[in-house]
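I have placed the structure first, in the form of structure tokens, so that the comments after it can refer back to it.
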Amino acid sequence: MATTEPRPFATIVARSAPDAPTPDAPTPIALVAARGLDAYFGAHRAVRDVSLDFAEGQVTAIIGPSGCGKSTLLRSLNRMHETVAGARVEGEVLFDGKDIYARDVNPIAVRRRIGMVFQRPTPFPTMSIRENVIAGFRAAGFAAPSRAEQREIAESALRRAALWDEVKDRLNDSATALSGGQQQRLCIARALATQPRVLLLDEPTASLDPISSQRVEELVYELRGDMTIVIVTHNMQQAARVSDRTAFMLMGELVEAAPTSRLFTSPSDPRTEAYITGRFG
Amino acid sequence: MTARVPRRSIRARRALSASMVALTVVAALLATLPLVFILALLLKQGAGALSWSFFSAMPKPVGETGGGMANALAGTLMLLAIASAIGLPVGIGAGMYLAEHRGRPLASLVRFLSDVLNGLPSIVVGIFAWQFLVRPVKHFSALAGGIALAVMMIPLVSRATEEMIRLVPDALREAALALGYTRWRTSLTVVLRTALPGIVTGALVAVARIAGETAPLLFTAFGNQFWSTSLTQPVSALPLQIFTYAISPYDEWHTLAWAGALVLLALVLVISLVARVATRARFGHGHD
Amino acid sequence: MFERGWRTDPPPSSSIRPALASPSLHGASIGDRVYRIATAAFALSIPLLLVLLGIEVAVAAWPALKQFHLSFLTSSEWDAVGGRFGAAPAIYGTIVSSLLALVIATPLAVGAAIFLSEFAPVWLRQPVAFLVDLLAAIPSVVYGLWGIFVLVPLLREQVMPFLADRLHLGGTPFFSGPAYGPSMLAASLILAIMVLPYISSVTREVLMAVPRSQREAALALGATRWEMIWGAVLPYASSGVVGGVILGLGRALGETMAVTMVIGNRHEISASLFAPGYTMASLIANEFSEATNDLHLSALMAVGAVLLAITLLVNIVARWLVWRVQRQERA
């Protein structure tokens with residue numbers, strides 16, 4: 001369905017026909033895949049036996065009511081869940097075929113290859129905009145880029161984050177001088193600078209105003225293809241707008257995962273239908 | 001329903017209330033009066049004796065004019081430098097540990113004992129330093145004085161550091177970890193760096209506090225009539241010199257004591273004010 | 001479905017590929033371990049320091065304590081030449097001067113705090129509070145200097161004659177004897193000024209922590225402002241205030257320089273406030289440089305040990321009280 005009409009961001013997606021996979025379309029490779037994943041906070045099991053594929057180059061959205069475990073699942077994908085005291089994970093998460101929870105795998109290495117953007121913008125307040133963008137290179141294990149390389153990296157990342165034009169004249173200003181929406185795009189640029197193959201977004205527009213939210217959504221939409229993106233959102237319309245696949249979680253369990261248009265127009269599970277029609281959550 | 005008649009009339013109760021309010025005003029006045037008094041007196045008595053020779057000249061024997069406190073000023077600076085060199089790293093390190101291991105019993109114990117250490121009389125710290133550092137080698141030293149001051153500095157810096165680090169939002173830590181930072185790098189280059197202005201303020205306040213201490217120096221640095229920059233020799237210090245001159249019977253020395261007190265108070269107040277203003281300014285502005 | 005690649009211009013690609021070293025399995029954790037050990041070591045230095053301090057003071061005090069046993073605490077005889085030492089006057093002086101300082105300072109400090117938190121116009125609060133707190137920043141030796149040249153002469157020439165003759169208190173044991181100037185009264189007054197900011201600051205904090213609902217409830221029942229404070233606010237904040245007072249006590253017990261400059265330095269227990277005396281801290285400060293023999297030194301150290309013990313006790317009680325108030329508030 002190649003189209004030259006304006007992207008339908010402002011309207012709630014309504015499909016006239018369910019999307020059927022064409023027989024020739026190759027099955028997308030799962031760059032990241034959770035297999036039988038359990039995530040615990042102490043004795044409380046927040047994620048229950050979830051197995052879910054995240055196809056390469058696609059945007060997968062995870063939706064569900066508050067407390068359903070979607071953020072926990074997301075944070076298990078880059079081994080951030082275990083940074084909380086008393087938290088642990090059981091099961092597997094395969095990244096490029098290898099289990100990131102294997103005994104010989106260093107969590108730091110995992111986090112360098114998988115980028116993450118959080119709900120609240122968190123630019124480092126003592127660093128300038130430029131320093132923030134290349135902050136990822138300060139993590140040990142990266143070759144320190146030269147001044148010239150720094151500029152190139154910063155420009156490239158900021159362009160991808162659609163922030164370059166707004167800050168190109170003040171790269172040395174403090175990052176805290178930016179507005180909320182700009183700060184969030186800066187955090188996205190920071191995550192992109194080290195060229196991860198996967199980008200995890202945990203409710204990235206939850207604390208932004210509508211205009212900034214829209215810009216971030218456009219950004220996410222543009223990044224796909226180059227990157228594998230997983231976005232957790234409590235906003236169903238957002239999931240419908242930006243994602244290729246959507247997974248619905250409830251009380252720690254994965255209820256259903258399907259191509260976005262099909263999930264929202266003809267979900268197979270009654271619980272999914274109840275949630276998307278607003279009967280709860 | 002019958003209304004209860006108050007024991008005293010409304011008028012009497014109101015009068016009591018008004019007079020108590022007046023009393024609290026009096027109390028507040030009396031509380032601020034000594035400060036104004038002392039400051040005014042210091043200015044009056046001390047300003048006259050302040051001259052270039054005060055800052056540059058060495059103490060002269062009684063009867064000779066033109067004596068100064070140059071060696072005491074230098075000694076105070078030296079002692080503060082030694083105390084900071086020891087007290088700041090230990091205090092900041094301890095504060096970081098306390099902030100990062102909040103709930104642990106060991107942290108609670110250390111925090112409690114830090115408060116205990118803070119409340120010890122400074123003279124007891126002095127006699128500890130004497131017994132531990134002076135007596136074995138049988139001579140007084142600037143090093144012993146500096147260490148005694150450092151012992152007093154550590155709990156202050158530790159408490160300030162812990163509070164400042166706790167103010168850094170966890171989200172910042174998370175963002176760094178998600179980028180692939182190791183924990184120690186996160187703590188030092190993100191968290192500590194963010195909290196640094198507040199920690200510097202706390203350090204300044206601690207330095208101001210120990211700059212005025214005399215008792216711990218009585219048996220450690222001991223005082224010195226001559227110029228000394230050696231770590232292993234006794235050294236003069238501003239509060240020590242003020243004390244010696246104040247209890248002496250000579251008028252010229254009394255005048256010098258006033259001048260010294262003015263300088264010492266000015267030093268302490270300026271550092272405290274800078275710290276206060278810096279804190280307010282930091283929370284006031286959004287970007288630098 | 002949204003088609004891949006609808007963008008018209010390709011995203012700018014960077015020629016820089018981040019050079020990732022092979023994930024070192026143990027490199028990162030070594031840094032973390034070193035960091036944890038270093039900070040833990042710094043933190044542990046504090047208890048170690050306290051223990052060391054206690055040991056050193058005890059060791060230094062031991063000879064004198066062993067020789068005199070409990071009489072050290074009860075005897076008033078202090079004879080350096082003859083080798084007999086009793087610290088009772090110093091202990092007495094410390095306790096009396098500190099308690100008297102509290103008696104004088106507490107009403108003033110609490111009154112000032114009430115004024116600041118309840119009655120003062122908002123624009124007045126910060127400056128006045130600042131001035132009161134500034135009292136705590138003045139070094140002890142500066143207080144002593146002021147004490148020697150202002151307070152003591154004032155007492156000797158104006159206050160003491162006034163108390164003894166005009167108010168006819170000279171007949172009582174508390175105001176008897178010659179008025180030389182340096183005295184327990186002078187020491188208590190100076191200590192009161194030095195302790196006032198601490199009590200005032202803590203009281204201000206606890207008063208402001210009293211919830212508005214308490215005040216409003218009292219006022220709604222028809223209480224006057226003072227009745228509201230006395231009946232509703234102060235009782236709520238009382239254990240916090242007590243904690244602040246005990247904290248002030250801890251400070252007063254250990255105060256050295258100002259006291260030694262105005263107390264007269266005499267080994268004497270006297271009921272009269274006009275009489276000179278000693279406190280433990282001022283005794284150590286005063287006689288240390290003249291101590292000739294080892295026993296004398298050890299006696300001074302023993303005085304320090306007693307001071308340490310008393311201060312520790314008072315501080316622990318104060319901390320416990322403050323902690324209890326905080327727990328109350330959280331519940």
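Residue numbering restarts at 1 in every chain; chains get A, B, ... in the order shown in the structure tokens, and ligands count up from 1 in that same order.
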Write out as number ranges by chain each polymer residue whose atoms come within 7 Å of region 224-227 of chain A, counting only C-alpha atoms; drop sequence neighbours fewer than 5 positions from it. A: 57-59, 197-199; C: 4
Gap from CA of Leu295 (chain C) to CA of Ala80 (chain C) - Å, one decimal: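 Those two atoms sit 8.5 Å apart.
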Would you mind listing, for every residue of chain B within 6 Å of chain A, the two atoms forming the shortest contact and the distance between them in Å to one decimal, using only C-alpha atoms, sorted by chain and ascending residue number, as CSV?
```
residue,atom,partner,partner_atom,distance
B:Leu172,CA,A:Thr122,CA,5.9
B:Ala178,CA,A:Arg111,CA,5.6
B:Leu179,CA,A:Gly136,CA,5.5
B:Gly180,CA,A:Arg112,CA,4.7
B:Tyr181,CA,A:Ala139,CA,4.8
B:Thr194,CA,A:Thr126,CA,5.9
B:His287,CA,A:Ala177,CA,5.3
```
Could those selected residues go to a file with N, CA and C atoms, as a tab-separated table (two decimals), in the first residue's frame?
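part_34.tsv written:
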```tsv
chain	number	residue	atom	x	y	z
B	172	LEU	N	18.85	9.22	36.91
B	172	LEU	CA	20.13	9.57	36.30
B	172	LEU	C	21.07	8.38	36.34
B	178	ALA	N	22.05	2.14	31.74
B	178	ALA	CA	21.48	1.65	30.49
B	178	ALA	C	22.39	1.94	29.30
B	179	LEU	N	23.25	2.95	29.46
B	179	LEU	CA	24.19	3.25	28.39
B	179	LEU	C	25.36	2.28	28.39
B	180	GLY	N	25.47	1.52	29.48
B	180	GLY	CA	26.58	0.58	29.55
B	180	GLY	C	27.68	1.03	30.50
B	181	TYR	N	27.39	2.03	31.33
B	181	TYR	CA	28.38	2.44	32.33
B	181	TYR	C	28.49	1.36	33.40
B	194	THR	N	27.29	15.29	39.57
B	194	THR	CA	26.06	16.07	39.70
B	194	THR	C	25.93	16.67	41.09
B	287	HIS	N	19.54	26.84	34.31
B	287	HIS	CA	20.65	26.45	33.47
B	287	HIS	C	21.84	27.34	33.75
```
Please find the residues of chain B near chain C - the criterion being any atom within 6 Å, counting only C-alpha atoms - and write them as an MDAnalysis selection string. chainID B and resid 17 24 27:28 32 90 93:94 97 121 128 184 212 261
Selection export as a compact mmCIF listing (two decimals), in the first residue's frame, atoms kept: C-alpha atoms:
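Contents of the output file out37.txt:
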```
# COMPACT_ATOMS: atom_id res chain seq x y z
CA SER B 17 -1.84 35.68 74.99
CA THR B 24 8.60 35.86 72.59
CA ALA B 27 13.23 36.50 73.60
CA ALA B 28 13.98 36.84 69.92
CA THR B 32 19.97 38.27 68.39
CA VAL B 90 37.59 10.15 53.77
CA GLY B 93 34.12 8.40 50.42
CA ALA B 94 32.24 7.59 53.60
CA TYR B 97 29.10 4.59 50.88
CA PRO B 121 34.19 17.72 72.74
CA PHE B 128 43.44 11.68 71.61
CA TRP B 184 31.70 2.72 39.75
CA GLY B 212 37.88 28.52 64.54
CA ALA B 261 39.52 37.79 66.42
```
